[in-house]
$ cat target.cif   # mmCIF, C-alpha atoms
data_entry
loop_
_atom_site.label_atom_id
_atom_site.label_comp_id
_atom_site.auth_asym_id
_atom_site.auth_seq_id
_atom_site.Cartn_x
_atom_site.Cartn_y
_atom_site.Cartn_z
CA MET A 1 175.99 188.67 75.09
CA LEU A 2 173.22 188.61 72.55
CA LEU A 3 170.33 187.71 74.79
CA ALA A 4 167.80 188.60 72.12
CA ASP A 5 169.15 185.82 69.87
CA ASN A 6 168.99 183.35 72.72
CA ARG A 7 165.39 184.28 73.39
CA LYS A 8 164.25 183.63 69.84
CA THR A 9 165.97 180.26 69.66
CA ALA A 10 164.81 179.27 73.14
CA ARG A 11 161.21 180.12 72.23
CA ARG A 12 161.35 177.68 69.35
CA LEU A 13 162.86 174.97 71.54
CA LEU A 14 160.28 175.45 74.27
CA GLU A 15 157.50 174.83 71.80
CA LYS A 16 158.77 171.33 70.97
CA ARG A 17 157.42 168.13 72.47
CA ILE A 18 160.67 166.14 72.64
CA LEU A 19 164.15 167.59 73.18
CA PHE A 20 167.41 165.68 73.29
CA PHE A 21 170.53 167.26 74.79
CA GLY A 22 173.85 165.82 73.76
CA GLY A 23 177.51 166.71 73.59
CA LYS A 24 180.97 165.73 74.66
CA GLY A 25 181.44 164.70 78.28
CA GLY A 26 181.77 167.60 80.69
CA VAL A 27 180.50 170.44 78.49
CA GLY A 28 177.36 170.99 80.55
CA LYS A 29 174.69 168.88 78.81
CA THR A 30 172.94 168.10 82.06
CA THR A 31 172.99 171.72 83.17
CA CYS A 32 171.49 172.93 79.89
CA ALA A 33 168.87 170.18 79.79
CA ALA A 34 167.91 170.92 83.39
CA ALA A 35 167.78 174.68 82.74
CA VAL A 36 165.51 174.27 79.71
CA ALA A 37 163.27 171.78 81.53
CA LEU A 38 163.03 174.20 84.44
CA ALA A 39 162.18 177.11 82.14
CA ALA A 40 159.42 175.13 80.45
CA SER A 41 157.95 173.96 83.74
CA ARG A 42 157.89 177.54 85.02
CA GLU A 43 155.78 178.44 82.01
CA GLY A 44 153.21 175.97 83.20
CA ARG A 45 154.03 173.10 80.89
CA ARG A 46 154.16 169.60 82.28
CA VAL A 47 157.75 168.51 81.77
CA LEU A 48 159.50 165.18 82.15
CA LEU A 49 163.29 165.35 82.44
CA VAL A 50 164.88 161.99 81.61
CA SER A 51 168.52 161.25 82.24
CA THR A 52 170.00 158.40 80.20
CA ASP A 53 173.61 159.15 81.05
CA PRO A 54 174.98 156.24 83.10
CA ALA A 55 176.81 158.85 85.17
CA HIS A 56 173.60 160.49 86.35
CA SER A 57 174.06 163.99 87.70
CA THR A 58 170.57 165.44 87.44
CA SER A 59 169.99 164.63 91.11
CA ASP A 60 173.07 166.65 92.04
CA ILE A 61 172.03 169.69 90.03
CA PHE A 62 168.53 169.84 91.47
CA GLU A 63 169.70 168.64 94.86
CA ARG A 64 166.66 166.38 94.78
CA GLN A 65 166.75 162.62 94.31
CA PHE A 66 165.80 161.38 90.85
CA THR A 67 164.73 157.74 90.72
CA ARG A 68 164.25 154.89 88.27
CA GLU A 69 160.56 155.64 88.27
CA GLU A 70 159.10 159.01 87.33
CA ARG A 71 158.55 161.33 90.25
CA GLU A 72 157.73 164.97 90.80
CA ILE A 73 160.81 167.07 91.46
CA LEU A 74 159.28 170.55 91.38
CA PRO A 75 155.82 171.76 90.46
CA ASN A 76 155.18 170.65 86.84
CA LEU A 77 158.63 169.12 86.61
CA TYR A 78 159.01 165.35 86.77
CA GLY A 79 162.28 163.47 86.78
CA LEU A 80 163.51 160.03 85.83
CA GLU A 81 166.95 158.47 85.75
CA ILE A 82 167.07 155.44 83.47
CA ASP A 83 169.32 152.62 84.57
CA ALA A 84 170.16 150.29 81.70
CA GLU A 85 170.73 147.21 83.83
CA PHE A 86 167.53 147.69 85.77
CA GLU A 87 165.61 148.15 82.51
CA ALA A 88 167.12 144.98 81.09
CA GLY A 89 165.96 143.11 84.21
CA ARG A 90 162.49 144.56 83.92
CA TYR A 91 162.26 143.73 80.24
CA ILE A 92 163.31 140.13 80.86
CA ALA A 93 160.74 139.77 83.63
CA GLU A 94 158.02 141.07 81.32
CA VAL A 95 158.96 138.63 78.58
CA LYS A 96 158.96 135.72 81.02
CA GLU A 97 155.52 136.64 82.25
CA GLN A 98 154.21 136.80 78.71
CA VAL A 99 155.79 133.47 77.91
CA SER A 100 154.33 131.81 80.99
CA LYS A 101 150.85 132.86 79.91
CA MET A 102 151.21 131.33 76.47
CA PHE A 103 153.04 128.04 76.94
CA SER A 104 153.11 124.86 78.97
CA PRO A 105 155.19 124.80 82.20
CA SER A 106 157.86 122.49 80.78
CA MET A 107 158.30 124.76 77.80
CA VAL A 108 158.44 127.78 80.06
CA GLY A 109 161.19 126.22 82.16
CA ALA A 110 163.33 125.49 79.14
CA ALA A 111 162.71 128.88 77.59
CA SER A 112 163.44 130.68 80.87
CA ARG A 113 166.93 129.28 81.03
CA GLN A 114 167.58 130.46 77.53
CA ILE A 115 166.12 133.88 78.19
CA ASP A 116 168.38 134.32 81.23
CA LEU A 117 171.34 133.39 79.12
CA ALA A 118 170.45 135.84 76.39
CA ALA A 119 169.93 138.55 79.00
CA ALA A 120 173.56 138.27 80.03
CA MET A 121 174.83 139.08 76.52
CA PRO A 122 176.69 142.35 76.07
CA GLY A 123 174.64 145.06 74.45
CA VAL A 124 171.37 143.94 76.00
CA GLY A 125 171.46 146.95 78.33
CA ASP A 126 171.56 149.31 75.36
CA VAL A 127 168.62 147.68 73.69
CA ALA A 128 166.66 147.68 76.97
CA LEU A 129 167.51 151.35 77.44
CA PHE A 130 166.34 152.04 73.94
CA ASP A 131 163.17 150.07 74.58
CA ARG A 132 162.42 152.24 77.60
CA LEU A 133 163.03 155.40 75.55
CA THR A 134 160.69 153.97 72.95
CA THR A 135 157.96 153.56 75.54
CA ILE A 136 158.42 157.11 76.81
CA ILE A 137 158.49 158.58 73.30
CA ALA A 138 155.43 156.61 72.24
CA ALA A 139 153.47 157.57 75.37
CA ARG A 140 154.57 161.17 75.86
CA ASN A 141 151.42 162.75 74.45
CA ALA A 142 149.38 161.30 77.25
CA ALA A 143 151.14 162.62 80.31
CA TYR A 144 153.58 165.40 79.39
CA ASP A 145 153.75 168.49 77.22
CA LEU A 146 157.50 168.23 76.88
CA VAL A 147 160.00 165.44 77.42
CA VAL A 148 163.65 166.49 77.80
CA PHE A 149 166.30 163.81 77.43
CA ASP A 150 169.66 164.43 79.00
CA THR A 151 171.75 161.90 77.12
CA ALA A 152 175.08 160.16 77.54
CA PRO A 153 178.15 161.55 75.72
CA THR A 154 177.69 161.97 72.01
CA GLY A 155 178.95 158.70 70.57
CA HIS A 156 176.67 156.59 72.69
CA THR A 157 173.61 158.72 72.03
CA VAL A 158 174.05 158.87 68.31
CA ARG A 159 174.32 155.10 68.27
CA LEU A 160 171.17 154.88 70.32
CA LEU A 161 169.30 157.05 67.86
CA GLN A 162 170.54 155.00 64.94
CA MET A 163 169.27 151.88 66.64
CA PRO A 164 165.79 151.91 65.07
CA GLU A 165 167.42 151.77 61.66
CA MET A 166 169.74 148.93 62.59
CA LEU A 167 167.18 146.86 64.45
CA ARG A 168 164.71 147.36 61.67
CA ALA A 169 167.12 145.99 59.12
CA TRP A 170 167.60 142.93 61.32
CA ILE A 171 163.97 142.36 61.97
CA ASP A 172 163.21 142.75 58.29
CA ALA A 173 165.81 140.15 57.40
CA LEU A 174 164.51 137.72 60.01
CA THR A 175 160.90 138.24 59.00
CA ALA A 176 161.67 137.73 55.32
CA GLN A 177 163.56 134.53 56.03
CA ARG A 178 160.85 133.14 58.28
CA ARG A 179 158.17 134.07 55.73
CA ARG A 180 159.97 132.23 52.96
CA ALA A 181 160.22 129.12 55.13
CA VAL A 182 156.58 129.25 56.19
CA GLU A 183 155.36 129.81 52.65
CA ARG A 184 157.41 126.97 51.26
CA ASP A 185 156.13 124.74 54.03
CA ALA A 186 152.53 125.64 53.14
CA ASP A 187 153.27 124.93 49.46
CA SER A 188 154.60 121.50 50.33
CA ARG A 189 151.39 120.67 52.14
CA GLY A 190 149.33 121.86 49.22
CA ASP A 191 147.75 124.76 51.11
CA ASP A 192 147.04 127.65 48.83
CA GLY A 193 146.90 130.19 51.60
CA GLY A 194 143.19 129.78 52.29
CA GLU A 195 142.41 129.74 56.02
CA GLU A 196 145.97 130.36 57.22
CA GLN A 197 146.82 130.77 60.88
CA PRO A 198 149.24 133.71 61.03
CA ASP A 199 152.69 132.52 62.05
CA PRO A 200 153.29 133.62 65.68
CA ILE A 201 156.95 134.38 65.05
CA VAL A 202 156.24 136.59 62.06
CA ALA A 203 153.49 138.29 64.06
CA ALA A 204 155.81 139.03 67.00
CA LEU A 205 158.55 140.36 64.72
CA GLU A 206 156.06 142.52 62.89
CA ARG A 207 154.76 144.06 66.12
CA ARG A 208 158.34 145.01 66.94
CA ARG A 209 158.88 146.53 63.57
CA GLN A 210 155.77 148.62 63.81
CA ARG A 211 156.91 150.09 67.09
CA LEU A 212 160.36 150.90 65.68
CA ASP A 213 158.74 152.63 62.73
CA GLU A 214 156.63 154.70 65.10
CA VAL A 215 159.67 155.83 67.06
CA ARG A 216 161.58 156.64 63.92
CA ALA A 217 158.71 158.72 62.66
CA ARG A 218 158.60 160.61 65.97
CA LEU A 219 162.34 161.24 66.03
CA THR A 220 162.41 162.62 62.53
CA GLU A 221 159.32 164.77 62.91
CA HIS A 222 160.98 168.19 62.97
CA ARG A 223 157.92 170.04 64.19
CA ASP A 224 157.94 168.15 67.51
CA THR A 225 161.40 166.74 68.02
CA SER A 226 164.77 168.44 68.17
CA PHE A 227 168.30 167.64 69.19
CA VAL A 228 170.30 170.28 71.03
CA LEU A 229 174.07 169.96 70.83
CA VAL A 230 176.02 171.51 73.69
CA LEU A 231 179.66 172.48 73.41
CA ILE A 232 182.24 174.80 74.92
CA PRO A 233 184.56 176.99 72.83
CA GLU A 234 187.47 174.55 72.69
CA ARG A 235 189.04 172.42 69.98
CA LEU A 236 187.88 168.89 70.90
CA PRO A 237 184.24 169.68 71.64
CA ILE A 238 183.99 171.54 68.34
CA GLU A 239 185.26 168.53 66.41
CA GLU A 240 183.00 166.07 68.21
CA THR A 241 179.95 168.28 67.83
CA SER A 242 180.66 168.62 64.16
CA ARG A 243 180.72 164.83 63.76
CA ALA A 244 177.54 164.44 65.80
CA ALA A 245 175.80 167.05 63.67
CA GLY A 246 176.72 165.06 60.58
CA ALA A 247 175.41 161.80 62.03
CA LEU A 248 172.15 163.40 63.17
CA ALA A 249 171.58 165.01 59.80
CA GLU A 250 172.13 161.62 58.21
CA ALA A 251 169.56 160.08 60.56
CA GLY A 252 167.11 162.82 59.58
CA ILE A 253 166.96 164.33 63.05
CA GLU A 254 166.62 168.10 63.39
CA ILE A 255 169.26 170.07 65.25
CA GLY A 256 167.29 172.64 67.18
CA ALA A 257 170.23 174.62 68.47
CA ILE A 258 173.92 174.63 69.21
CA VAL A 259 174.49 175.76 72.78
CA VAL A 260 177.84 177.47 73.26
CA ASN A 261 178.29 177.00 76.96
CA ARG A 262 180.66 178.55 79.47
CA VAL A 263 181.89 181.49 77.42
CA LEU A 264 183.82 184.17 79.27
CA PRO A 265 181.64 186.97 80.62
CA ASP A 266 182.04 190.50 79.25
CA GLY A 267 183.57 193.40 81.03
CA LEU A 268 186.47 191.82 82.86
CA SER A 269 190.07 192.95 82.68
CA GLY A 270 193.56 191.69 83.28
CA GLU A 271 196.19 190.00 81.19
CA PHE A 272 195.03 186.43 81.83
CA TYR A 273 191.48 187.31 80.91
CA ALA A 274 192.57 189.12 77.75
CA ALA A 275 194.63 186.12 76.62
CA ARG A 276 191.78 183.65 77.28
CA ARG A 277 189.40 185.96 75.54
CA ARG A 278 191.56 186.16 72.42
CA GLN A 279 191.69 182.38 72.18
CA GLU A 280 187.99 182.05 72.82
CA ASP A 281 187.20 184.56 70.09
CA ILE A 282 189.03 182.39 67.58
CA TYR A 283 187.03 179.32 68.58
CA ARG A 284 183.77 181.21 68.66
CA ARG A 285 184.36 182.47 65.17
CA GLU A 286 185.05 178.93 64.13
CA ILE A 287 181.81 177.74 65.76
CA ASP A 288 179.90 180.51 64.00
CA HIS A 289 181.45 179.44 60.74
CA ARG A 290 181.05 175.67 61.10
CA PHE A 291 177.50 175.73 62.39
CA LYS A 292 176.30 178.77 60.51
CA THR A 293 173.11 177.13 59.34
CA MET A 294 172.04 176.34 62.90
CA ASP A 295 170.62 178.53 65.64
CA ARG A 296 172.91 179.21 68.54
CA ILE A 297 172.41 179.87 72.22
CA VAL A 298 175.31 181.43 74.10
CA ILE A 299 175.68 180.96 77.85
CA ALA A 300 178.22 182.89 79.90
CA GLN A 301 180.18 181.24 82.63
CA LEU A 302 179.03 181.93 86.19
CA GLU A 303 181.50 182.83 88.89
CA SER A 304 180.91 179.38 90.42
CA ASP A 305 179.91 175.92 89.22
CA VAL A 306 176.25 175.12 88.68
CA TYR A 307 174.29 173.17 91.25
CA GLY A 308 171.25 174.00 93.26
CA LEU A 309 168.12 175.72 92.08
CA ASN A 310 169.39 179.30 92.44
CA ARG A 311 172.29 178.90 90.06
CA LEU A 312 170.28 176.76 87.70
CA GLU A 313 167.73 179.55 87.50
CA ARG A 314 170.45 181.96 86.43
CA ILE A 315 171.40 179.65 83.54
CA SER A 316 167.74 179.27 82.72
CA ALA A 317 167.38 183.05 82.59
CA GLN A 318 170.33 183.34 80.22
CA ILE A 319 168.83 180.77 77.87
CA THR A 320 165.37 182.26 77.72
CA GLY A 321 166.86 185.74 77.48
CA MET B 322 127.11 109.48 47.04
CA ARG B 323 129.48 106.56 46.64
CA TRP B 324 130.26 107.65 43.14
CA SER B 325 131.48 111.07 44.25
CA GLU B 326 133.51 109.52 47.04
CA LEU B 327 135.19 107.20 44.59
CA ARG B 328 135.93 110.07 42.28
CA ARG B 329 137.57 112.01 45.09
CA ASN B 330 139.71 109.04 46.11
CA VAL B 331 140.88 108.49 42.56
CA GLY B 332 141.61 112.19 42.31
CA ASP B 333 143.67 112.10 45.53
CA ALA B 334 145.57 109.03 44.34
CA LEU B 335 146.49 110.72 41.06
CA HIS B 336 147.46 113.87 42.90
CA GLY B 337 149.70 111.80 45.18
CA LEU B 338 151.29 110.07 42.20
CA PHE B 339 152.14 113.25 40.39
CA TYR B 340 152.94 115.54 43.27
CA PHE B 341 154.66 113.25 45.74
CA ARG B 342 158.16 114.05 44.57
CA TYR B 343 157.39 117.69 44.05
CA GLU B 344 155.99 118.11 47.54
CA GLN B 345 158.94 116.28 49.00
CA ASP B 346 161.28 118.74 47.34
CA LEU B 347 159.24 121.65 48.60
CA ARG B 348 159.30 120.28 52.12
CA ALA B 349 163.06 119.82 52.00
CA GLU B 350 163.44 123.39 50.81
CA ALA B 351 161.12 124.68 53.54
CA ILE B 352 163.21 122.89 56.14
CA GLU B 353 166.40 124.33 54.77
CA LEU B 354 164.98 127.83 54.77
CA ASN B 355 163.84 127.45 58.32
CA ASP B 356 167.21 126.11 59.45
CA LEU B 357 168.76 129.28 58.09
CA PHE B 358 166.20 131.27 60.04
CA LEU B 359 167.11 129.37 63.20
CA LEU B 360 170.77 130.08 62.61
CA MET B 361 170.00 133.78 62.27
CA CYS B 362 168.17 133.68 65.60
CA TYR B 363 170.90 131.81 67.41
CA MET B 364 173.87 133.59 65.87
CA GLU B 365 175.31 134.37 69.28
CA MET B 366 175.84 130.70 69.94
CA VAL B 367 178.24 130.53 67.03
CA GLY B 368 179.95 133.70 68.18
CA LEU B 369 178.35 136.33 65.95
CA PRO B 370 176.64 139.32 67.51
CA ASN B 371 172.94 139.77 66.87
CA PRO B 372 171.55 143.17 67.83
CA ALA B 373 168.00 141.87 67.82
CA THR B 374 168.59 139.23 70.51
CA LEU B 375 166.49 141.00 73.08
CA TYR B 376 163.61 141.35 70.68
CA LEU B 377 163.75 137.66 69.90
CA LEU B 378 163.23 136.64 73.53
CA GLU B 379 159.48 136.69 73.20
CA VAL B 380 159.56 134.22 70.34
CA TYR B 381 162.01 131.85 72.04
CA PRO B 382 159.37 129.31 73.11
CA HIS B 383 158.28 129.04 69.47
CA LEU B 384 161.87 128.65 68.42
CA LEU B 385 162.35 125.94 71.02
CA SER B 386 160.06 123.51 69.24
CA GLU B 387 161.69 124.34 65.92
CA PHE B 388 165.06 123.71 67.46
CA HIS B 389 163.83 120.37 68.77
CA LEU B 390 162.73 119.31 65.28
CA TRP B 391 166.08 120.44 63.92
CA HIS B 392 168.26 118.31 66.22
CA ARG B 393 165.98 115.32 65.64
CA ARG B 394 166.41 115.80 61.92
CA MET B 395 170.15 115.95 62.42
CA GLY B 396 169.93 112.55 64.06
CA VAL B 397 170.64 113.71 67.60
CA ASP B 398 168.15 112.32 70.13
CA HIS B 399 168.62 114.93 72.83
CA SER B 400 169.46 118.59 72.56
CA PRO B 401 173.17 118.90 71.76
CA LEU B 402 173.37 122.35 73.36
CA ALA B 403 173.50 122.72 77.12
CA GLN B 404 171.82 126.13 76.90
CA ILE B 405 168.81 124.86 74.99
CA ARG B 406 166.96 122.14 76.86
CA CYS B 407 164.02 121.35 74.67
CA CYS B 408 163.81 117.69 75.66
#

$ encode --input "target.cif" --output "structure tokens"
Amino acid sequence: MLLADNRKTARRLLEKRILFFGGKGGVGKTTCAAAVALAASREGRRVLLVSTDPAHSTSDIFERQFTREEREILPNLYGLEIDAEFEAGRYIAEVKEQVSKMFSPSMVGAASRQIDLAAAMPGVGDVALFDRLTTIIAARNAAYDLVVFDTAPTGHTVRLLQMPEMLRAWIDALTAQRRRAVERDADSRGDDGGEEQPDPIVAALERRRQRLDEVRARLTEHRDTSFVLVLIPERLPIEETSRAAGALAEAGIEIGAIVVNRVLPDGLSGEFYAARRRQEDIYRREIDHRFKTMDRIVIAQLESDVYGLNRLERISAQITG
Amino acid sequence: MRWSELRRNVGDALHGLFYFRYEQDLRAEAIELNDLFLLMCYMEMVGLPNPATLYLLEVYPHLLSEFHLWHRRMGVDHSPLAQIRCC
């Protein structure tokens, strides 16, 4: 195993401020994210490990309970498991509170019903989840040196990262339409834009847009933010990772490393091992070829599955070389 | 004093004469543009997905009064939609 190569790549990753870990289900995203977060925290950096995968398994790996609110897991290492439904509920409650401060009770009652209805629409969980990520990304400078996101399987995550683009397009369209209407209305009353009260709807939409722009800027800032794609040397993960790499490149997000997880350890013998090894070599060559422009980290399989701090530390040691 | 007042009134009257139709057209256009905006906000109610729904929640109370004006304009006295109870 080329530990020296791992070390160089890991060094670069550990100097980032935001890391995303993604990959096909079951390839070891959570393990790798946890191992990197652990390594960084051991170097004395304040680290927040955020799980956005609905099938949370960070708690199982650390054998410590992660919660919906940030809490300290180990010295310098904080954990958080985001729950989309809970976030949607929280978001709705916040909006209602805001609304109740600004409008008359009868208006609030009518609006509340509508807000509850909208909250039940499909897809609201995703947007709420994204909103929570936005808050963490926007605030990360304050509390943490490094934020590590352990994300849901690739398709979902890539869609989440494309969300700023999509929402922005929508908000732009809405704002433009509302502006046209407001301007025409002012024209019809003979106002020439003198002492205009800013339209509250345009103002609210614009605030949203600003925040989306901020997040987008953060995500595409290669110095601070990287995406790490995890895969194992098998056909399907290679294909999916390749697609994800394309989508990320299109979104302007840097790929910090490809982690080739669970490769067979050296120095074993036997017919079964030799056959597996031959097949693996083919896939590893293919990985080297397909992702040749990207840095790679190679992690050898342990003799048992990874849970608990001891085994996680061994993965951590492999990554940092 | 009274002279300037008179002049202003005559000015306003002339303005009204010339611009009445024009302003009416503008107002009609403004209303139409805003109806389209309302439709974009309430797309889900006609069965089209709108990814920005959650972000629109905070402007719903503003939209409520617009919606009220809309159904009055359409000649419906009370809100025709069970979900939106503006009056």

$ interface_residues --input "target.cif" --of "chain A" --to "chain B" --cutoff "9 Å" --atoms "only C-alpha atoms" --output "VMD selection string"
chain A and resid 88 91 to 92 95 to 96 98 to 99 103 106 to 115 117 to 119 121 123 to 124 127 to 128 166 to 168 170 to 171 174 to 175 177 to 178 180 to 190 200 to 201 204 to 205 208

$ resolve_selection --input "target.cif" --expression "the PyMOL selection byres ((chain A and resi 223) around 12)" --output "list in words"
Arg12, Leu13, Leu14, Glu15, Lys16, Arg17, Ile18, Leu19, Ala217, Arg218, Leu219, Thr220, Glu221, His222, Asp224, Thr225, Ser226, Phe227, Ile253, Glu254, Ile255 and Gly256 of chain A

$ closest_residue --input "target.cif" --among "A:Ala251, A:Ile282, A:Ile82, A:Leu231" --to "Val298 (chain A)" --atoms "all atoms listed in the file"
A:Leu231

$ residues_around --input "target.cif" --residues "Ala257 (chain A)" --least-positions-apart "6" --cutoff "12 Å" --atoms "only C-alpha atoms" --output "PyMOL selection string"
chain A and resi 5-14+19-23+32+225-231+241+245+291-298+319

$ residues_around --input "target.cif" --residues "region 34-48 of chain A" --least-positions-apart "5" --cutoff "8 Å" --atoms "only C-alpha atoms" --output "list in words"
Leu14, Thr58, Ile61, Pro75, Asn76, Leu77, Tyr78, Gly79, Leu80, Ala143, Tyr144, Asp145, Leu146, Val147, Val148, Leu312, Glu313, Ile315, Ser316, Ala317, Ile319 and Thr320 of chain A

$ atom_distance --input "target.cif" --atom1 "CA of Gln318 (chain A)" --atom2 "CA of Ala300 (chain A)"
7.9 Å

$ resolve_selection --input "target.cif" --expression "the PyMOL selection byres ((chain A and resi 26) around 12)" --output "list in words"
Gly22, Gly23, Lys24, Gly25, Val27, Gly28, Lys29, Thr30, Thr31, Cys32, Asp53, Ala55, Ser57, Ala152, Pro153, Thr154, Val230, Leu231, Ile232, Leu236, Pro237, Asn261 and Arg262 of chain A

$ atom_distance --input "target.cif" --atom1 "CA of Arg209 (chain A)" --atom2 "CA of Glu94 (chain A)"
18.6 Å

$ atom_distance --input "target.cif" --atom1 "CA of Thr134 (chain A)" --atom2 "CA of Lys101 (chain A)"
24.3 Å

$ residues_near_point --input "target.cif" --point "(164.7, 119.3, 71.1)" --cutoff "10 Å" --atoms "all atoms listed in the file" --output "PyMOL selection string"
chain B and resi 385-394+397-402+405-408
